[in-house]
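See structure below.
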Amino acid sequence: MLAPLRWLKDYVEIDVSASELQAKLFSCGFEVEEMVDVFKNVSGIVVAKLLSVEKHPNADKLNVWQIDAGDKGKLQIITSAKNIEVGDLVPVALDGATLFNGGVINNGQIRGVESFGMFCSGEELGITDDFYPGASINGILRLQEEYPLGMDIKEALGLDDIVFDIGVTSNRPDCQCVYGIAREVAAVLGKPLKAPDFTYETLSTPVTDFVKVRVEDAELCPRYVATGVQNVKIEQSPLWMRKRLFLVGIRGISNLVDITNFVLMEMGQPMHAFDKDKLSGGEIVVRRAKAGETIVTLDKKEFNLTQENLMICDGEKPVCIAGVMGGLDSGITEETKNLVFESAKFKRDNIRRTSRNLGQRSDSSARFEKGVDSYTTGVAMQRALSLIYQLKAGEILSGAIDCNAETQEKREIVTPVSRICDLLGIDVSEERIVAILTSLHFEASVKNGVLTVLVPEYREDVEDYADLAEEIIRMYGYDNISGTLLQFAKVTDGGRNTQQTDVERMRETLAGFGLQETVTYSFISEKEYDKLDLDKTASEYKFIRLMNPLGEDYSVMRTTLVPSMLNVLSFNQNRKNETVKLFEFARTYHTDKPLTGSELPVEKNHIIVGAYGEGVDFYTVKGIVEEFCRSFGVTIDIAPGGKHYYHPTRKATVSANGVLLGGFGEIHPVYAERYGLEKRVYVVELDYDLLEQQFNKKIAVKPISRYPESTVDIAVTVLKSVTCGEILSVIYANAGEFLKEAKLFDVYEGAQVEAGKKSMAFSLHFGSLDRTLEQSEVETAKSNVLTALQTAVGAVLR
């Protein structure tokens, strides 16, 4: 929100510096994001009078001027400008002066003749005709008033204004205007607030004889005010108004257009003016657009409308997109003689959707999206009519057509003072509370410890005692709050809980395997499910669709992390990253039915690993899974099988105690191609919530045996379908208590074994903590293992 200091001074006597005012605004909840000294570069430029002129002796197009710069002396200036005459007052940049664009002027010689400065145009001062008449011409700026010679041009033309760029929070739309900020300035400085002039005179002719108004959708348009002006005079607005608009970045157009822009910036109410003679049937109808209707707006763009668009229409057709932009056919022109003024409150979310869907934004739509209250709708109309009366821009008809579906009664809040003090955690006196609320234009009184407050009509954000407490403390001072514990609270040592500790350890463990963590959006495209050919009846396909997504690529909440990881890996392959190992810990979102009201999806924590490149294969990710689970004390079973998007012979499932935790494998070439993956990619998926339930939180310390271990190697022939995991399960179940570890160290398939079979060799390590094992004990354990393997998987000793 831009608020020039001089404009604020129209309503409040400000007797502090701009920096002090900035600090005071910040103390009451308004951050001044930037304090703009618009003309800070302009320096060393003074008012001078042209005394005489003669031709340059060495240049036909140059003239040598003698000037009087007051206490700066009489100087000589050389220029080629033709629009100045003897006796004119002009701005002169002296030696060392700085122009608006930062350029520095120095004395020098031009064609052998000394020149002690430079005459300035409006452009070199950073102004246009909107700030000073004649500033936009291609020539020297000729001052039209009498100023003391030698006077600083910034003081003479008022180029010393400061513009505050204030960050206004979304709950304070009443401060999205200069007058709204002035109300806060008056309160924080303890100064009276001077209201704008709302007075005007009208004709005896009622506006109801001039135009008819009908609102068909009061939900989208709670209040609509229309007035009439006849015998309109279209001309340039006065300089004071154009200067105000110039400083907030608005170009002056004409008196009527400038009035609507002025009211927008001053009161925060967007307004619109219609050429009454262009309204078919002499009426205005506020309704939803009909299917197939179109409109051409003031910027000459044509739009196809839908029933979601609220329109201002005449008796036949749409003439304005409500809250966004007026139509070309009903706009004000130089021939306009009669007009209808509009001031309205539109439902903010409808304006936002209309503006976004049509791709059409304006200052009005931006303001309506932030919120406009019904009270200001009426007050702003009075201000606009007052300006028309002051500028003699037309004859105002009597009365106003006010279609108002909202009550204008002030909201009453009754609460014990103690309740507010308890919420703030400090005691604020009743007198101070009443004084603060009164300075903010609340009507407040206290009787027997009970505070009764009538809320200003424009403060729609104040609803209960908590809002009053916020108003009080921001003016009383947040520094006055002392730290206290909440009720039933106690001091703790802080730190992470068990679950947070496990998550952090999980991250550190995966990073220790050489993986880097990545973070992706929880939103993906519905197309990702089709790229993986997910079954539309499967749980993964029951995704949640966003009502207002950023775009199609972020339109649903993901039920699996696989598409996100594949996209990241594809991104890296396309940028020639030869070897990548990544992991992500994130949530997926699930539901069995469409969500309504306050229902929430089921959120599940998952781990996904993605890798490709040198030294990465199926056994790499298998080792990551095994070591990761082992580090948390989880004994897992790995078996062939898994999702269809893995390679049919390079995939496996992971389970523990009969619970399926996830799986891993190489992405099938068909799906890898769809993601633009040229290298073999390996992925691990684990359900962290299920895995966490298997964590072994008990830390057991085992001493190291002082006695030597015995190692036995066995090689057995089995069917190719038998897995290493199956054999290891049989070995551990039958080798006895002295078996420390069993490891696969060789797999052979070839001429020396039968067709359809393979040879698998294992090392079995036996040992005891209290003695050296007898050879017979080791042989017995070996025999038991071989017998069990033959029974369980048909293994034959080689």
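A note on labels: chains of the structure tokens are A, B, ... as shown, every chain counts residues from 1, and ligands are counted from 1 in their shown order.
Summary of the local environment: counting only C-alpha atoms, residues at most 7 Å from Val229 of chain A, other than itself and those fewer than 5 positions away along its chain, are Asn338, Leu339, Val340, Gly394, Glu395, Ile396 and Leu397 of chain A.
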Store the residues picked out above, limited to N, CA, C and O atoms, as a PDB file, in the first residue's frame.
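Produced file part_35.pdb, reproduced below:
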ATOM      1  N   ASN A 338     -24.133  12.481 -19.572  1.00  0.00           N
ATOM      2  CA  ASN A 338     -24.821  11.970 -18.387  1.00  0.00           C
ATOM      3  C   ASN A 338     -24.149  10.664 -17.963  1.00  0.00           C
ATOM      4  O   ASN A 338     -23.836   9.806 -18.806  1.00  0.00           O
ATOM      5  N   LEU A 339     -23.937  10.505 -16.682  1.00  0.00           N
ATOM      6  CA  LEU A 339     -23.260   9.277 -16.238  1.00  0.00           C
ATOM      7  C   LEU A 339     -23.919   8.722 -14.993  1.00  0.00           C
ATOM      8  O   LEU A 339     -24.611   9.428 -14.246  1.00  0.00           O
ATOM      9  N   VAL A 340     -23.691   7.432 -14.799  1.00  0.00           N
ATOM     10  CA  VAL A 340     -24.134   6.723 -13.608  1.00  0.00           C
ATOM     11  C   VAL A 340     -22.891   6.283 -12.853  1.00  0.00           C
ATOM     12  O   VAL A 340     -22.014   5.618 -13.414  1.00  0.00           O
ATOM     13  N   GLY A 394     -20.156  18.354 -12.968  1.00  0.00           N
ATOM     14  CA  GLY A 394     -21.492  17.997 -13.414  1.00  0.00           C
ATOM     15  C   GLY A 394     -22.520  18.323 -12.354  1.00  0.00           C
ATOM     16  O   GLY A 394     -22.190  18.794 -11.244  1.00  0.00           O
ATOM     17  N   GLU A 395     -23.791  18.086 -12.669  1.00  0.00           N
ATOM     18  CA  GLU A 395     -24.895  18.352 -11.759  1.00  0.00           C
ATOM     19  C   GLU A 395     -25.368  17.037 -11.159  1.00  0.00           C
ATOM     20  O   GLU A 395     -25.745  16.109 -11.878  1.00  0.00           O
ATOM     21  N   ILE A 396     -25.358  16.957  -9.834  1.00  0.00           N
ATOM     22  CA  ILE A 396     -25.631  15.712  -9.123  1.00  0.00           C
ATOM     23  C   ILE A 396     -27.131  15.601  -8.865  1.00  0.00           C
ATOM     24  O   ILE A 396     -27.762  16.534  -8.357  1.00  0.00           O
ATOM     25  N   LEU A 397     -27.688  14.434  -9.213  1.00  0.00           N
ATOM     26  CA  LEU A 397     -29.100  14.191  -8.977  1.00  0.00           C
ATOM     27  C   LEU A 397     -29.345  13.860  -7.509  1.00  0.00           C
ATOM     28  O   LEU A 397     -28.437  13.407  -6.794  1.00  0.00           O
TER      29      LEU A 397
END
Notebook entry, point to check: Do you know which residues are at most 7 Å from segment 649-659 of chain A counting only C-alpha atoms, after dropping those on the same chain fewer than 3 positions away, and could you put them as a VMD selection string?
Noted result: chain A and resid 618 635 to 642 646 662 to 666
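Counting only C-alpha atoms, Ala226 of chain A has the following residues at most 10 Å away, ignoring those fewer than 2 positions along the same chain: Val207, Thr208, Val211, Lys212, Val213, Tyr224, Gly228, His272, Ala273, Ile284, Val340, Phe341, Glu342, Ser343, Ala344, Gly378, Met381, Gly399, Ala400, Ile401, Asp402 and Cys403 of chain A.
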Could you save the residues just selected, with C-alpha atoms, as a compact mmCIF listing (two decimals), in the first residue's frame?
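And here is the file that came out, again_21.txt:
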# COMPACT_ATOMS: atom_id res chain seq x y z
CA VAL A 207 -31.92 9.63 -9.35
CA THR A 208 -34.73 7.07 -9.55
CA VAL A 211 -31.81 5.13 -13.92
CA LYS A 212 -33.24 1.86 -12.57
CA VAL A 213 -31.12 -0.70 -10.67
CA TYR A 224 -24.75 -1.87 -4.83
CA GLY A 228 -26.54 9.98 -11.34
CA HIS A 272 -16.93 2.75 -11.98
CA ALA A 273 -18.74 5.28 -14.15
CA ILE A 284 -28.59 -1.56 -14.55
CA VAL A 340 -24.13 6.72 -13.61
CA PHE A 341 -21.69 6.28 -10.74
CA GLU A 342 -21.31 2.79 -9.26
CA SER A 343 -19.97 1.84 -5.83
CA ALA A 344 -20.41 -1.79 -4.80
CA GLY A 378 -21.60 4.05 0.80
CA MET A 381 -19.88 7.28 -3.06
CA GLY A 399 -30.61 10.68 -3.61
CA ALA A 400 -29.00 7.34 -4.33
CA ILE A 401 -30.22 3.89 -5.29
CA ASP A 402 -28.90 1.61 -2.54
CA CYS A 403 -29.47 -2.13 -2.91
Nearby residues (only C-alpha atoms) at most 10 Å from segment 708-722 of chain A, same-chain spacing under 2 positions excluded, as a PDB file with C-alpha atoms, in the first residue's frame:
ATOM      1  CA  ALA A 639      11.598 -62.641  -1.627  1.00  0.00           C
ATOM      2  CA  PRO A 640      11.122 -62.448  -5.414  1.00  0.00           C
ATOM      3  CA  SER A 705      34.584 -64.578  22.528  1.00  0.00           C
ATOM      4  CA  ARG A 706      38.126 -65.350  23.613  1.00  0.00           C
ATOM      5  CA  CYS A 724      19.148 -67.415  -0.923  1.00  0.00           C
ATOM      6  CA  GLY A 725      16.743 -66.165   1.732  1.00  0.00           C
ATOM      7  CA  GLU A 726      14.925 -69.473   1.868  1.00  0.00           C
ATOM      8  CA  ILE A 727      18.159 -71.400   2.374  1.00  0.00           C
ATOM      9  CA  PHE A 738      26.473 -71.976  18.308  1.00  0.00           C
ATOM     10  CA  LEU A 739      25.921 -70.632  14.779  1.00  0.00           C
ATOM     11  CA  LYS A 740      27.099 -67.021  14.673  1.00  0.00           C
ATOM     12  CA  GLU A 741      26.636 -66.184  11.016  1.00  0.00           C
ATOM     13  CA  ALA A 742      25.889 -67.747   7.643  1.00  0.00           C
ATOM     14  CA  LYS A 743      26.921 -66.109   4.384  1.00  0.00           C
ATOM     15  CA  LEU A 744      26.476 -66.892   0.718  1.00  0.00           C
ATOM     16  CA  PHE A 745      29.841 -66.653  -1.044  1.00  0.00           C
ATOM     17  CA  ASP A 746      29.261 -68.303  -4.449  1.00  0.00           C
ATOM     18  CA  VAL A 747      26.530 -69.101  -6.967  1.00  0.00           C
ATOM     19  CA  TYR A 748      27.294 -71.315  -9.981  1.00  0.00           C
ATOM     20  CA  GLU A 749      25.182 -72.260 -12.980  1.00  0.00           C
ATOM     21  CA  VAL A 753      25.209 -78.937 -12.496  1.00  0.00           C
ATOM     22  CA  GLU A 754      21.967 -80.280 -13.839  1.00  0.00           C
ATOM     23  CA  ALA A 755      19.824 -78.191 -16.153  1.00  0.00           C
ATOM     24  CA  GLY A 756      17.328 -76.068 -14.235  1.00  0.00           C
ATOM     25  CA  LYS A 757      19.470 -76.121 -11.128  1.00  0.00           C
ATOM     26  CA  LYS A 758      22.219 -74.037  -9.543  1.00  0.00           C
ATOM     27  CA  SER A 759      24.959 -74.470  -6.997  1.00  0.00           C
ATOM     28  CA  MET A 760      25.041 -72.218  -3.933  1.00  0.00           C
ATOM     29  CA  ALA A 761      27.958 -72.159  -1.493  1.00  0.00           C
ATOM     30  CA  PHE A 762      27.670 -70.886   2.111  1.00  0.00           C
ATOM     31  CA  SER A 763      30.116 -70.231   4.942  1.00  0.00           C
ATOM     32  CA  LEU A 764      28.878 -71.193   8.389  1.00  0.00           C
ATOM     33  CA  HIS A 765      30.675 -69.646  11.382  1.00  0.00           C
ATOM     34  CA  PHE A 766      30.360 -71.408  14.758  1.00  0.00           C
ATOM     35  CA  GLY A 767      31.626 -70.259  18.140  1.00  0.00           C
ATOM     36  CA  SER A 768      31.069 -70.162  21.888  1.00  0.00           C
ATOM     37  CA  LEU A 769      31.743 -67.557  24.584  1.00  0.00           C
ATOM     38  CA  ARG A 771      34.908 -72.757  25.337  1.00  0.00           C
ATOM     39  CA  THR A 772      36.340 -74.069  22.093  1.00  0.00           C
ATOM     40  CA  LEU A 773      33.816 -76.158  20.222  1.00  0.00           C
ATOM     41  CA  GLU A 774      34.472 -79.828  19.565  1.00  0.00           C
ATOM     42  CA  GLN A 775      34.745 -80.824  15.928  1.00  0.00           C
ATOM     43  CA  VAL A 778      30.321 -78.592  14.374  1.00  0.00           C
ATOM     44  CA  GLU A 779      29.834 -81.695  12.226  1.00  0.00           C
ATOM     45  CA  ALA A 781      25.276 -78.951  13.266  1.00  0.00           C
ATOM     46  CA  LYS A 782      26.409 -79.258   9.637  1.00  0.00           C
ATOM     47  CA  VAL A 785      21.559 -78.258   8.289  1.00  0.00           C
ATOM     48  CA  LEU A 786      22.060 -80.489   5.244  1.00  0.00           C
ATOM     49  CA  LEU A 789      17.864 -78.306   3.479  1.00  0.00           C
ATOM     50  CA  GLN A 790      17.141 -81.539   1.652  1.00  0.00           C
ATOM     51  CA  VAL A 793      14.122 -77.161  -0.545  1.00  0.00           C
ATOM     52  CA  GLY A 794      15.417 -80.440  -2.041  1.00  0.00           C
ATOM     53  CA  ALA A 795      19.052 -79.409  -1.657  1.00  0.00           C
ATOM     54  CA  VAL A 796      21.753 -81.971  -2.529  1.00  0.00           C
ATOM     55  CA  LEU A 797      25.311 -81.667  -1.211  1.00  0.00           C
ATOM     56  CA  ARG A 798      27.865 -81.302  -4.017  1.00  0.00           C
TER      57      ARG A 798
END
Notebook entry, point to check: Which residue out of A:Leu125, A:Ile162, A:Ile137, A:Ile667 has the minimum interatomic distance to Ser17 of chain A when only C-alpha atoms are used?
Noted result: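 Distance minimum relative to Ser17 of chain A lands on A:Ile162.
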